[in-house]
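Structure file work19.tsv; described as TSV, C-alpha atoms and all ligand atoms.
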```tsv
chain	number	residue	atom	x	y	z
A	291	SER	CA	-130.07	-117.71	87.36
A	292	LEU	CA	-127.69	-115.43	85.49
A	293	GLN	CA	-130.35	-112.73	85.07
A	294	ASN	CA	-131.02	-112.70	88.77
A	295	PRO	CA	-127.74	-113.41	90.49
A	296	ILE	CA	-127.83	-114.13	94.19
A	297	PHE	CA	-124.82	-112.93	96.07
A	298	GLN	CA	-123.07	-113.13	92.70
A	299	GLN	CA	-120.54	-110.42	93.36
A	300	TYR	CA	-119.25	-112.45	96.28
A	301	TRP	CA	-119.13	-115.78	94.50
A	302	GLY	CA	-116.32	-117.93	95.87
A	303	ASN	CA	-116.77	-116.48	99.33
A	304	ARG	CA	-119.66	-118.43	100.80
A	305	VAL	CA	-119.44	-120.48	104.00
A	306	GLU	CA	-121.56	-123.59	104.58
A	307	LEU	CA	-121.73	-125.30	107.97
A	308	HIS	CA	-124.60	-127.80	107.74
A	309	VAL	CA	-124.55	-130.38	104.96
A	310	HIS	CA	-124.64	-134.18	105.19
A	311	LEU	CA	-122.05	-136.01	103.10
A	312	ASP	CA	-124.42	-138.94	102.63
A	313	GLY	CA	-127.17	-136.52	101.64
A	314	ALA	CA	-124.93	-134.88	99.03
A	315	ILE	CA	-123.84	-137.81	96.84
A	316	ARG	CA	-124.02	-137.47	93.05
A	317	PRO	CA	-126.70	-139.73	91.55
A	318	GLU	CA	-124.22	-140.76	88.83
A	319	THR	CA	-121.86	-142.03	91.53
A	320	ILE	CA	-124.63	-144.04	93.20
A	321	LEU	CA	-125.47	-145.65	89.85
A	322	TYR	CA	-121.79	-146.38	89.14
A	323	PHE	CA	-121.21	-148.22	92.43
A	324	GLY	CA	-124.60	-149.94	92.37
A	325	LYS	CA	-123.72	-151.42	88.98
A	326	LYS	CA	-120.11	-152.18	89.86
A	327	ARG	CA	-121.02	-153.94	93.10
A	328	GLY	CA	-124.19	-155.60	91.84
A	329	ILE	CA	-126.34	-153.78	94.37
A	330	PRO	CA	-129.93	-153.21	93.23
A	331	LEU	CA	-131.19	-149.63	92.97
A	332	PRO	CA	-134.71	-148.37	92.15
A	333	GLY	CA	-133.54	-147.12	88.72
A	334	ASP	CA	-130.76	-147.39	86.10
A	335	THR	CA	-130.71	-143.75	85.07
A	336	VAL	CA	-130.26	-140.53	87.00
A	337	GLU	CA	-133.82	-139.55	86.21
A	338	GLU	CA	-135.28	-142.86	87.40
A	339	LEU	CA	-133.16	-142.95	90.54
A	340	LEU	CA	-134.09	-139.39	91.46
A	341	LYS	CA	-137.78	-140.26	91.14
A	342	TYR	CA	-137.32	-142.33	94.28
A	343	VAL	CA	-134.53	-140.51	96.08
A	344	SER	CA	-135.44	-136.84	95.63
A	345	TYR	CA	-138.73	-135.01	96.05
A	346	ASP	CA	-140.22	-131.51	96.07
A	347	THR	CA	-143.32	-131.48	98.29
A	348	PRO	CA	-143.20	-131.69	102.11
A	349	LEU	CA	-142.89	-135.02	103.94
A	350	THR	CA	-142.34	-135.66	107.66
A	351	LEU	CA	-138.79	-135.95	109.04
A	352	PRO	CA	-139.00	-139.75	109.48
A	353	LYS	CA	-140.41	-140.18	105.93
A	354	PHE	CA	-137.61	-138.02	104.58
A	355	LEU	CA	-135.01	-140.11	106.46
A	356	GLU	CA	-136.33	-143.25	104.71
A	357	LYS	CA	-134.98	-141.86	101.41
A	358	PHE	CA	-131.45	-142.86	102.45
A	359	ASN	CA	-132.48	-146.54	102.34
A	360	TYR	CA	-132.76	-146.45	98.55
A	361	TYR	CA	-129.15	-145.60	97.82
A	362	MET	CA	-126.90	-146.03	100.85
A	363	PRO	CA	-126.39	-149.77	100.18
A	364	ALA	CA	-124.59	-148.84	96.94
A	365	ILE	CA	-122.01	-146.69	98.77
A	366	ALA	CA	-121.64	-148.07	102.31
A	367	GLY	CA	-118.90	-150.63	102.87
A	368	ASP	CA	-116.90	-149.70	99.76
A	369	ARG	CA	-113.54	-147.98	100.21
A	370	GLU	CA	-113.39	-146.45	96.74
A	371	ALA	CA	-116.97	-145.16	97.03
A	372	VAL	CA	-116.46	-143.55	100.43
A	373	LYS	CA	-113.31	-141.73	99.33
A	374	ARG	CA	-114.86	-140.67	96.05
A	375	ILE	CA	-118.03	-139.16	97.52
A	376	ALA	CA	-115.85	-137.00	99.81
A	377	TYR	CA	-113.69	-135.89	96.87
A	378	GLU	CA	-116.65	-135.14	94.62
A	379	PHE	CA	-118.37	-133.28	97.42
A	380	VAL	CA	-115.49	-130.78	97.56
A	381	GLU	CA	-115.69	-130.29	93.80
A	382	THR	CA	-119.43	-129.67	94.00
A	383	LYS	CA	-119.02	-127.07	96.75
A	384	ALA	CA	-116.18	-125.32	94.92
A	385	LYS	CA	-118.52	-125.01	91.91
A	386	GLU	CA	-121.18	-123.49	94.19
A	387	GLY	CA	-118.83	-120.71	95.23
A	388	VAL	CA	-118.14	-122.02	98.71
A	389	ALA	CA	-114.80	-121.01	100.28
A	390	TYR	CA	-115.15	-123.07	103.43
A	391	VAL	CA	-117.44	-126.01	104.21
A	392	GLU	CA	-118.00	-128.27	107.20
A	393	VAL	CA	-119.47	-131.57	106.00
A	394	ARG	CA	-121.02	-134.13	108.37
A	395	TYR	CA	-121.72	-137.85	108.30
A	396	SER	CA	-122.03	-140.92	110.50
A	397	PRO	CA	-118.90	-143.11	110.15
A	398	HIS	CA	-121.00	-146.08	111.29
A	399	LEU	CA	-123.57	-145.68	108.52
A	400	LEU	CA	-120.80	-146.00	105.89
A	401	ALA	CA	-119.10	-149.01	107.53
A	402	ASN	CA	-119.73	-152.75	107.19
A	403	SER	CA	-117.49	-154.01	109.99
A	404	GLY	CA	-117.31	-153.25	113.70
A	405	VAL	CA	-120.82	-151.83	113.61
A	406	ALA	CA	-123.96	-153.30	115.18
A	407	PRO	CA	-126.61	-153.56	114.01
A	408	MET	CA	-125.25	-153.73	110.45
A	409	PRO	CA	-126.61	-150.72	108.54
A	410	TRP	CA	-128.60	-151.00	105.27
A	411	GLY	CA	-128.83	-154.79	105.49
A	412	GLN	CA	-125.24	-155.18	104.29
A	413	THR	CA	-123.33	-158.42	104.64
A	414	GLU	CA	-120.34	-158.23	106.98
A	415	GLY	CA	-117.15	-156.86	105.40
A	416	ASP	CA	-113.95	-155.26	106.69
A	417	LEU	CA	-114.54	-151.52	106.50
A	418	THR	CA	-114.66	-150.11	110.03
A	419	PRO	CA	-115.96	-146.69	111.13
A	420	ASP	CA	-112.34	-145.70	111.88
A	421	GLU	CA	-111.22	-146.49	108.32
A	422	VAL	CA	-114.29	-144.70	106.95
A	423	VAL	CA	-113.03	-141.53	108.65
A	424	GLN	CA	-109.55	-142.02	107.16
A	425	LEU	CA	-111.03	-142.44	103.66
A	426	VAL	CA	-113.27	-139.39	103.95
A	427	ASN	CA	-110.32	-137.36	105.26
A	428	GLN	CA	-108.26	-138.43	102.24
A	429	GLY	CA	-111.07	-137.61	99.81
A	430	LEU	CA	-111.56	-134.18	101.38
A	431	LYS	CA	-107.83	-133.42	101.31
A	432	ASP	CA	-107.49	-134.49	97.67
A	433	GLY	CA	-110.50	-132.30	96.92
A	434	GLU	CA	-109.03	-129.31	98.75
A	435	ARG	CA	-105.83	-129.67	96.74
A	436	ASP	CA	-107.61	-129.97	93.38
A	437	PHE	CA	-110.46	-127.48	93.86
A	438	HIS	CA	-108.77	-124.86	96.07
A	439	ILE	CA	-111.31	-124.57	98.85
A	440	LYS	CA	-111.19	-125.55	102.53
A	441	ALA	CA	-113.21	-128.51	103.82
A	442	ARG	CA	-113.50	-129.91	107.34
A	443	SER	CA	-115.74	-132.63	108.73
A	444	ILE	CA	-118.14	-133.25	111.62
A	445	LEU	CA	-118.84	-136.78	112.86
A	446	CYS	CA	-122.46	-137.60	113.61
A	447	CYS	CA	-123.87	-139.56	116.49
A	448	MET	CA	-127.32	-140.89	115.57
A	449	ARG	CA	-130.35	-140.35	117.85
A	450	HIS	CA	-131.52	-143.95	117.49
A	451	MET	CA	-128.07	-145.48	118.12
A	452	PRO	CA	-126.76	-144.26	121.51
A	453	SER	CA	-124.37	-147.24	121.62
A	454	TRP	CA	-122.36	-145.74	118.74
A	455	SER	CA	-121.86	-142.36	120.38
A	456	PRO	CA	-118.79	-143.14	122.56
A	457	GLU	CA	-116.86	-144.35	119.49
A	458	VAL	CA	-117.93	-141.30	117.47
A	459	VAL	CA	-116.34	-139.05	120.09
A	460	GLU	CA	-113.22	-141.25	120.25
A	461	LEU	CA	-112.90	-140.84	116.46
A	462	CYS	CA	-113.29	-137.06	116.83
A	463	LYS	CA	-110.41	-137.13	119.33
A	464	LYS	CA	-108.23	-139.36	117.17
A	465	TYR	CA	-108.69	-137.19	114.07
A	466	GLN	CA	-109.08	-133.83	115.78
A	467	ASN	CA	-108.03	-131.09	113.36
A	468	ASP	CA	-106.93	-133.77	110.92
A	469	SER	CA	-110.01	-132.88	108.92
A	470	VAL	CA	-112.41	-133.57	111.82
A	471	VAL	CA	-113.49	-130.51	113.80
A	472	ALA	CA	-116.62	-131.46	115.76
A	473	VAL	CA	-119.30	-133.90	116.85
A	474	ASP	CA	-123.01	-133.76	115.91
A	475	LEU	CA	-126.15	-135.61	116.94
A	476	ALA	CA	-128.40	-136.31	113.94
A	477	GLY	CA	-131.42	-138.44	113.07
A	478	ASP	CA	-135.01	-138.45	114.25
A	479	GLU	CA	-135.25	-136.15	117.29
A	480	THR	CA	-138.92	-137.06	117.81
A	481	LEU	CA	-137.79	-140.59	118.75
A	482	LYS	CA	-137.69	-141.54	122.44
A	483	VAL	CA	-134.45	-143.43	123.09
A	484	GLU	CA	-133.99	-145.65	126.14
A	485	ASP	CA	-130.34	-144.93	126.86
A	486	TYR	CA	-130.19	-141.23	126.05
A	487	SER	CA	-127.53	-140.97	128.77
A	488	GLU	CA	-125.02	-142.50	126.31
A	489	HIS	CA	-125.36	-139.41	124.11
A	490	LYS	CA	-124.99	-137.19	127.15
A	491	LYS	CA	-121.86	-139.03	128.34
A	492	ALA	CA	-120.36	-138.84	124.86
A	493	TYR	CA	-120.95	-135.08	124.73
A	494	GLU	CA	-119.40	-134.72	128.20
A	495	GLU	CA	-116.32	-136.47	126.89
A	496	ALA	CA	-116.31	-134.12	123.89
A	497	VAL	CA	-116.33	-131.13	126.26
A	498	ARG	CA	-113.46	-132.63	128.30
A	499	SER	CA	-111.43	-133.27	125.15
A	500	GLY	CA	-111.99	-129.90	123.51
A	501	ILE	CA	-114.13	-131.33	120.70
A	502	HIS	CA	-116.53	-128.76	119.24
A	503	ARG	CA	-120.24	-129.61	119.44
A	504	THR	CA	-123.35	-129.10	117.37
A	505	VAL	CA	-126.73	-130.86	117.80
A	506	HIS	CA	-129.78	-131.26	115.54
A	507	ALA	CA	-132.58	-129.80	117.67
A	508	GLY	CA	-135.82	-127.90	117.20
A	509	GLU	CA	-136.13	-129.11	113.60
A	510	ALA	CA	-139.08	-131.52	113.93
A	511	GLY	CA	-138.87	-131.30	117.73
A	512	PRO	CA	-140.00	-128.52	120.08
A	513	ALA	CA	-138.05	-125.66	121.70
A	514	ALA	CA	-137.35	-127.93	124.69
A	515	MET	CA	-135.01	-129.97	122.45
A	516	VAL	CA	-133.01	-126.82	121.72
A	517	LYS	CA	-132.83	-126.07	125.43
A	518	GLU	CA	-131.54	-129.57	126.10
A	519	ALA	CA	-129.01	-129.35	123.25
A	520	VAL	CA	-127.54	-126.13	124.62
A	521	TYR	CA	-127.74	-126.66	128.36
A	522	VAL	CA	-127.40	-130.45	128.72
A	523	LEU	CA	-125.30	-131.44	125.70
A	524	LYS	CA	-123.41	-128.13	125.72
A	525	ALA	CA	-123.88	-127.55	122.00
A	526	GLU	CA	-121.99	-124.52	120.64
A	527	ARG	CA	-124.23	-124.46	117.56
A	528	VAL	CA	-127.74	-125.75	116.92
A	529	GLY	CA	-128.66	-127.67	113.77
A	530	HIS	CA	-131.87	-126.05	112.44
A	531	GLY	CA	-133.35	-124.87	115.77
A	532	TYR	CA	-136.44	-123.31	114.12
A	533	HIS	CA	-138.82	-124.11	116.97
A	534	VAL	CA	-136.75	-122.10	119.45
A	535	VAL	CA	-138.93	-119.08	118.65
A	536	GLU	CA	-141.86	-120.86	120.32
A	537	ASP	CA	-140.15	-120.36	123.70
A	538	PRO	CA	-139.63	-116.58	123.80
A	539	GLU	CA	-137.62	-116.67	127.01
A	540	LEU	CA	-135.22	-119.32	125.72
A	541	TYR	CA	-134.99	-117.54	122.37
A	542	LYS	CA	-134.09	-114.26	124.09
A	543	GLU	CA	-131.42	-115.99	126.16
A	544	LEU	CA	-129.89	-117.66	123.09
A	545	LEU	CA	-129.90	-114.35	121.21
A	546	LYS	CA	-128.04	-112.84	124.13
A	547	ILE	CA	-125.31	-115.49	124.11
A	548	LYS	CA	-125.17	-115.28	120.27
A	549	MET	CA	-125.93	-118.98	119.82
A	550	HIS	CA	-125.46	-120.00	116.19
A	551	PHE	CA	-128.37	-121.58	114.29
A	552	GLU	CA	-127.58	-123.66	111.21
A	553	VAL	CA	-130.62	-122.77	109.09
A	554	CYS	CA	-131.53	-124.88	106.03
A	555	PRO	CA	-134.47	-123.14	104.30
A	556	TRP	CA	-135.37	-125.59	101.52
A	557	SER	CA	-134.80	-128.54	103.86
A	558	SER	CA	-137.13	-127.02	106.45
A	559	TYR	CA	-139.88	-126.92	103.83
A	560	LEU	CA	-139.34	-130.47	102.58
A	561	THR	CA	-139.03	-132.15	106.00
A	562	GLY	CA	-142.17	-130.41	107.23
A	563	ALA	CA	-140.08	-128.77	109.98
A	564	CYS	CA	-141.66	-125.38	109.29
A	565	SER	CA	-144.90	-124.04	107.82
A	566	PRO	CA	-144.91	-124.38	104.01
A	567	ASP	CA	-145.66	-120.64	103.94
A	568	PHE	CA	-142.18	-119.13	103.57
A	569	THR	CA	-143.45	-115.76	104.78
A	570	LYS	CA	-143.97	-117.35	108.23
A	571	HIS	CA	-140.47	-118.83	108.46
A	572	PRO	CA	-138.54	-118.38	111.75
A	573	VAL	CA	-135.46	-117.19	109.82
A	574	ILE	CA	-137.37	-113.97	109.14
A	575	GLN	CA	-137.48	-113.45	112.89
A	576	PHE	CA	-133.78	-114.38	113.10
A	577	LYS	CA	-133.00	-111.73	110.49
A	578	LYS	CA	-135.06	-109.09	112.27
A	579	ASP	CA	-133.30	-109.84	115.55
A	580	ARG	CA	-129.86	-109.95	113.90
A	581	ALA	CA	-129.43	-113.46	115.27
A	582	ASN	CA	-126.29	-115.50	114.60
A	583	TYR	CA	-127.20	-118.00	111.88
A	584	SER	CA	-126.02	-119.48	108.59
A	585	LEU	CA	-127.76	-120.64	105.38
A	586	ASN	CA	-127.17	-124.25	104.34
A	587	THR	CA	-128.31	-127.02	101.97
A	588	ASP	CA	-128.51	-129.99	104.42
A	589	ASP	CA	-129.14	-132.84	101.92
A	590	PRO	CA	-128.84	-131.48	98.37
A	591	LEU	CA	-129.14	-134.91	96.69
A	592	ILE	CA	-132.54	-135.61	98.26
A	593	PHE	CA	-133.70	-131.99	98.01
A	594	ASN	CA	-132.45	-131.80	94.41
A	595	SER	CA	-130.78	-128.49	95.18
A	596	THR	CA	-127.65	-126.38	95.40
A	597	ILE	CA	-126.88	-123.56	97.82
A	598	ASP	CA	-128.45	-121.19	95.27
A	599	LYS	CA	-131.84	-122.78	96.00
A	600	ASP	CA	-131.57	-121.77	99.66
A	601	TYR	CA	-130.24	-118.29	98.92
A	602	GLY	CA	-132.95	-117.91	96.27
A	603	ILE	CA	-135.79	-118.80	98.65
A	604	VAL	CA	-134.78	-116.28	101.30
A	605	LYS	CA	-134.17	-113.63	98.68
A	606	GLU	CA	-137.46	-114.14	96.80
A	607	HIS	CA	-139.78	-114.90	99.71
A	608	MET	CA	-138.17	-113.35	102.78
A	609	GLY	CA	-136.70	-110.09	101.58
A	610	PHE	CA	-133.05	-110.97	102.07
A	611	THR	CA	-130.60	-108.33	100.84
A	612	GLU	CA	-126.95	-108.55	99.85
A	613	GLU	CA	-126.13	-106.93	103.20
A	614	GLU	CA	-127.82	-109.78	105.06
A	615	PHE	CA	-126.07	-112.41	102.89
A	616	LYS	CA	-122.75	-110.84	103.83
A	617	ARG	CA	-123.65	-110.74	107.52
A	618	VAL	CA	-124.84	-114.35	107.44
A	619	ASN	CA	-121.63	-115.58	105.84
A	620	ILE	CA	-119.45	-113.62	108.25
A	621	ASN	CA	-121.44	-115.10	111.14
A	622	ALA	CA	-120.93	-118.55	109.65
A	623	ALA	CA	-117.16	-118.00	109.49
A	624	GLN	CA	-117.16	-116.64	113.04
A	625	SER	CA	-119.09	-119.67	114.30
A	626	SER	CA	-117.09	-122.19	112.27
A	627	PHE	CA	-115.16	-124.83	114.19
A	628	LEU	CA	-111.81	-123.86	112.66
A	629	PRO	CA	-108.88	-123.22	114.99
A	630	GLU	CA	-108.66	-119.51	115.82
A	631	LYS	CA	-105.85	-118.65	113.42
A	632	GLU	CA	-107.52	-120.29	110.42
A	633	LYS	CA	-110.83	-118.69	111.39
A	634	GLN	CA	-109.22	-115.26	111.32
A	635	GLU	CA	-107.71	-116.02	107.89
A	636	LEU	CA	-111.14	-116.97	106.58
A	637	LEU	CA	-112.73	-113.85	108.08
A	638	THR	CA	-110.03	-111.66	106.55
A	639	GLN	CA	-110.72	-113.25	103.15
A	640	LEU	CA	-114.46	-112.57	103.49
A	641	TYR	CA	-114.07	-108.98	104.69
A	642	LYS	CA	-111.79	-108.28	101.78
A	643	ALA	CA	-114.11	-109.91	99.23
A	644	TYR	CA	-117.14	-108.09	100.65
A	645	GLY	CA	-115.33	-104.76	100.70
A	646	MET	CA	-115.81	-104.43	104.43
A	647	VAL	CA	-113.78	-103.14	107.33
A	648	PRO	CA	-113.22	-105.95	109.86
A	649	ASN	CA	-115.65	-105.95	112.83
A	650	ALA	CA	-118.07	-103.66	111.01
A	651	SER	CA	-120.65	-106.48	110.64
B	1	LIG	O1	-132.34	-132.83	108.41
B	1	LIG	C1	-131.92	-133.82	109.05
B	1	LIG	N1	-132.31	-134.02	110.33
B	1	LIG	C2	-131.89	-135.08	111.07
B	1	LIG	N2	-131.06	-136.02	110.59
B	1	LIG	C3	-130.66	-135.89	109.31
B	1	LIG	C4	-131.05	-134.81	108.50
B	1	LIG	N3	-130.46	-134.97	107.28
B	1	LIG	C5	-129.76	-136.11	107.34
B	1	LIG	N4	-129.86	-136.67	108.56
B	1	LIG	C6	-129.29	-137.93	109.03
B	1	LIG	C7	-129.33	-139.02	107.98
B	1	LIG	C8	-127.89	-139.27	107.67
B	1	LIG	O2	-127.64	-140.61	107.35
B	1	LIG	C9	-127.20	-138.87	108.94
B	1	LIG	C10	-125.72	-138.61	108.86
B	1	LIG	O3	-125.38	-137.73	107.84
B	1	LIG	O4	-127.92	-137.73	109.35
```

Whole structure given in structure tokens:
Amino acid sequence: SLQNPIFQQYWGNRVELHVHLDGAIRPETILYFGKKRGIPLPGDTVEELLKYVSYDTPLTLPKFLEKFNYYMPAIAGDREAVKRIAYEFVETKAKEGVAYVEVRYSPHLLANSGVAPMPWGQTEGDLTPDEVVQLVNQGLKDGERDFHIKARSILCCMRHMPSWSPEVVELCKKYQNDSVVAVDLAGDETLKVEDYSEHKKAYEEAVRSGIHRTVHAGEAGPAAMVKEAVYVLKAERVGHGYHVVEDPELYKELLKIKMHFEVCPWSSYLTGACSPDFTKHPVIQFKKDRANYSLNTDDPLIFNSTIDKDYGIVKEHMGFTEEEFKRVNINAAQSSFLPEKEKQELLTQLYKAYGMVPNAS
């Protein structure tokens, strides 16, 4: 709020690294395309729709993931919709004071052609995962031009769909640094998949091709998932990673190599990833240990939130100071997947805005 500004002095200089494009759609846009395309939705007004799509008391990760089923059919398979959600996303982040954002999504989950099985029960169309990436790239670029911030994207492999992973990495290669900066592995990490080796092979190809890598791990899953993400999949950042603290040896090792953790405080409460008692949250340990981590929204549509919600939680319940907010955002910039020169430009901008001498963090 205005009376209690969080990181207000530094507004316009935040960095966000973990947010799902398909978890950040405006409800108005869902309603617009549902109506336009004749696709049924659980409500006709923002309020009604949000009654189904968003929530504010903890669920499990799989139950949370079911929320996407309500609204993805209205967006997936539509060129105008896919481009527009990317464009509007940039506007939203600019209004939240973000200078640089990496936004992630599964190209397959927005397609209706060249994808099997067909997501969201769509009928076959002609929008391929490749064209989805082109449309998102265009939306992000238009947004950058109009809202004066920097936006890059991360393409997600999905835990339950190993057969999609090779194409996800091929798309990362095709659009490398043309908006796309990395590959991710998202979805339900508690799921046992038969052909896990497909994910591993895809990540090996990413390493060979110089594609940056992040992996959702240690969110609902145990510390062993984080270990696997870092040492088998060669992740350079870990999505969430909260349960790493349950393996002190691994945690110590990852602190030593300055592994980056993409922390999403409000998300971790609502997906049941962490104890609902904020005073027991692993990010408090991260702060104490001066770990390398960022603060992120994850799925602001479903969590009915903005980045201020996440900053507010750690400030109110975990004793975060302005100094720590600065350090966190500088770490985020340092661990971003931007090419070196652009990363240095971003860091210079932050140091200047924060009134800091470079390398004094
Ligand atoms: O918090 C999350 N954990 C694991 N998977 C997630 C989370 N939020 C969203 N996803 C999934 C659902 C989306 O459709 C997909 C790509 O953005 O990633």

Can you tell me, as a PyMOL selection string, what residues are no more than 12 Å from Pro572 of chain A when counting only C-alpha atoms, ignoring any on the same chain fewer than 5 positions away?
chain A and resi 508-509+530-536+541+551+553-555+558-559+563-567+577-579+581+583+604+608

Output of the above residues as a tab-separated table (two decimals), in the coordinates of the input, restricted to C-alpha atoms:
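Output (out27.tsv):
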```
chain	number	residue	atom	x	y	z
A	508	GLY	CA	-135.82	-127.90	117.20
A	509	GLU	CA	-136.13	-129.11	113.60
A	530	HIS	CA	-131.87	-126.05	112.44
A	531	GLY	CA	-133.35	-124.87	115.77
A	532	TYR	CA	-136.44	-123.31	114.12
A	533	HIS	CA	-138.82	-124.11	116.97
A	534	VAL	CA	-136.75	-122.10	119.45
A	535	VAL	CA	-138.93	-119.08	118.65
A	536	GLU	CA	-141.86	-120.86	120.32
A	541	TYR	CA	-134.99	-117.54	122.37
A	551	PHE	CA	-128.37	-121.58	114.29
A	553	VAL	CA	-130.62	-122.77	109.09
A	554	CYS	CA	-131.53	-124.88	106.03
A	555	PRO	CA	-134.47	-123.14	104.30
A	558	SER	CA	-137.13	-127.02	106.45
A	559	TYR	CA	-139.88	-126.92	103.83
A	563	ALA	CA	-140.08	-128.77	109.98
A	564	CYS	CA	-141.66	-125.38	109.29
A	565	SER	CA	-144.90	-124.04	107.82
A	566	PRO	CA	-144.91	-124.38	104.01
A	567	ASP	CA	-145.66	-120.64	103.94
A	577	LYS	CA	-133.00	-111.73	110.49
A	578	LYS	CA	-135.06	-109.09	112.27
A	579	ASP	CA	-133.30	-109.84	115.55
A	581	ALA	CA	-129.43	-113.46	115.27
A	583	TYR	CA	-127.20	-118.00	111.88
A	604	VAL	CA	-134.78	-116.28	101.30
A	608	MET	CA	-138.17	-113.35	102.78
```

Set the cut-off to 10 Å, count all atoms listed in the file, and list whatever residues fall near ligand LIG 1 (chain B) as a PyMOL selection string.
chain A and resi 308-314+351-352+354-359+362+393-400+444-449+474-480+505-510+529-530+554+557-558+560-561+563+587-590+592

Residues near segment 371-387 of chain A, anyone? I mean within 8 Å using only C-alpha atoms, not counting same-chain ones fewer than 6 positions away, as a ChimeraX atom specification.
/A:301-304,311,314-316,319,323,365,400,422,425-434,437-439,441,596-598

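Atom pair atom CA of Val470 of chain A / atom CA of Glu635 of chain A: separated by 18.6 Å.
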
What lies within 6 Å of segment 484-494 of chain A using all atoms listed in the file, ignoring chain neighbours under 4 positions off, as a ChimeraX atom specification?
/A:452,455-456,523

Would you write out those residues with C-alpha atoms, as a PDB file, in the coordinates of the input?
```pdb
ATOM      1  CA  PRO A 452    -126.760-144.260 121.510  1.00  0.00           C
ATOM      2  CA  SER A 455    -121.860-142.360 120.380  1.00  0.00           C
ATOM      3  CA  PRO A 456    -118.790-143.140 122.560  1.00  0.00           C
ATOM      4  CA  LEU A 523    -125.300-131.440 125.700  1.00  0.00           C
TER       5      LEU A 523
END
```

Pick out the closest residue to His607 of chain A from this set: A:Asn594, A:Thr569, A:Gln624, A:Gln639. Count only C-alpha atoms.
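Using only C-alpha atoms, His607 of chain A sits closest to A:Thr569.
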
Atom CA of Ile574 of chain A and atom CA of Tyr345 of chain A, how far apart in Å?
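Computing the Euclidean distance for atom CA of Tyr345 of chain A and atom CA of Ile574 of chain A yields 24.8 Å.
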
For atom CA of Lys464 of chain A and atom CA of Gly500 of chain A, quote the distance in Å rounded to one decimal.
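Atom-to-atom, atom CA of Lys464 of chain A and atom CA of Gly500 of chain A are spaced 12.0 Å apart.
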
At a cut-off of 12 Å, using only C-alpha atoms, what residues contact segment 643-647 of chain A? Leave out same-chain residues fewer than 5 positions from it and give the result as a list in words.
Phe297, Gln298, Gln299, Tyr300, Trp301, Gly302, Asn303, Arg304, Ala389, Glu612, Glu613, Glu614, Phe615, Lys616, Arg617, Asn619, Ile620, Leu636, Leu637 and Thr638 of chain A

Calculated over all atoms listed in the file, which of the candidates A:Val473, A:Asp537, A:Val497, A:Ile296 has the smallest distance to Val522 of chain A?
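Looking only at the distances to Val522 of chain A, the closest residue turns out to be A:Val497.
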
Using all atoms listed in the file, which of A:Glu421, A:Glu552, A:Glu495, A:Glu632 sits nearest Arg442 of chain A?
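Among the listed residues, the smallest separation from Arg442 of chain A belongs to A:Glu632.
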
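With distances restricted to all atoms listed in the file, A:Ala366 is the closest residue to Asp416 of chain A from A:Ala366, A:Leu321, A:Val573, A:Ala622.
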
My list of candidates is A:Leu307, A:Pro629, A:Ala364, A:Arg498. Which is closest to Lys325 of chain A when distances are computed with all atoms listed in the file?
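Closest residue, counting all atoms listed in the file: A:Ala364.
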
Mind working out the centre and edge lengths of an axis-aligned box for segment 541-549 of chain A, all listed atoms inside, 6 Å added to each side, rounded to one decimal in Å and written as AutoDock Vina command-line options?
```
--center_x -130.1 --center_y -115.9 --center_z 123.0 --size_x 21.8 --size_y 18.1 --size_z 18.3
```

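Excluding Asp334 of chain A itself and any same-chain residue fewer than 6 positions from it, the protein and nucleic acid residues within 12 Å of it, counting all atoms listed in the file, are Pro317, Glu318, Thr319, Ile320, Leu321, Tyr322, Phe323, Gly324, Lys325, Gly328, Leu340, Lys341, Tyr342 and Tyr361 of chain A.
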
Please fill the gaps in segment 395-400 of chain A so it has N, CA, C and O atoms, and write that as a PDB file, in the frame of the given file.
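This went into out_24.pdb:
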```pdb
ATOM      1  N   TYR A 395    -121.264-136.499 108.652  1.00  0.00           N
ATOM      2  CA  TYR A 395    -121.720-137.850 108.300  1.00  0.00           C
ATOM      3  C   TYR A 395    -121.540-138.750 109.515  1.00  0.00           C
ATOM      4  O   TYR A 395    -120.792-138.432 110.442  1.00  0.00           O
ATOM      5  N   SER A 396    -122.209-139.902 109.473  1.00  0.00           N
ATOM      6  CA  SER A 396    -122.030-140.920 110.500  1.00  0.00           C
ATOM      7  C   SER A 396    -121.042-141.956 109.978  1.00  0.00           C
ATOM      8  O   SER A 396    -121.331-142.648 108.993  1.00  0.00           O
ATOM      9  N   PRO A 397    -119.857-142.107 110.610  1.00  0.00           N
ATOM     10  CA  PRO A 397    -118.900-143.110 110.150  1.00  0.00           C
ATOM     11  C   PRO A 397    -119.502-144.515 110.187  1.00  0.00           C
ATOM     12  O   PRO A 397    -119.196-145.351 109.329  1.00  0.00           O
ATOM     13  N   HIS A 398    -120.383-144.749 111.152  1.00  0.00           N
ATOM     14  CA  HIS A 398    -121.000-146.080 111.290  1.00  0.00           C
ATOM     15  C   HIS A 398    -121.904-146.413 110.124  1.00  0.00           C
ATOM     16  O   HIS A 398    -121.964-147.569 109.688  1.00  0.00           O
ATOM     17  N   LEU A 399    -122.619-145.417 109.613  1.00  0.00           N
ATOM     18  CA  LEU A 399    -123.570-145.680 108.520  1.00  0.00           C
ATOM     19  C   LEU A 399    -122.874-145.924 107.180  1.00  0.00           C
ATOM     20  O   LEU A 399    -123.517-146.306 106.206  1.00  0.00           O
ATOM     21  N   LEU A 400    -121.541-145.707 107.128  1.00  0.00           N
ATOM     22  CA  LEU A 400    -120.800-146.000 105.890  1.00  0.00           C
ATOM     23  C   LEU A 400    -119.913-147.238 106.043  1.00  0.00           C
ATOM     24  O   LEU A 400    -119.199-147.622 105.121  1.00  0.00           O
TER      25      LEU A 400
END
```
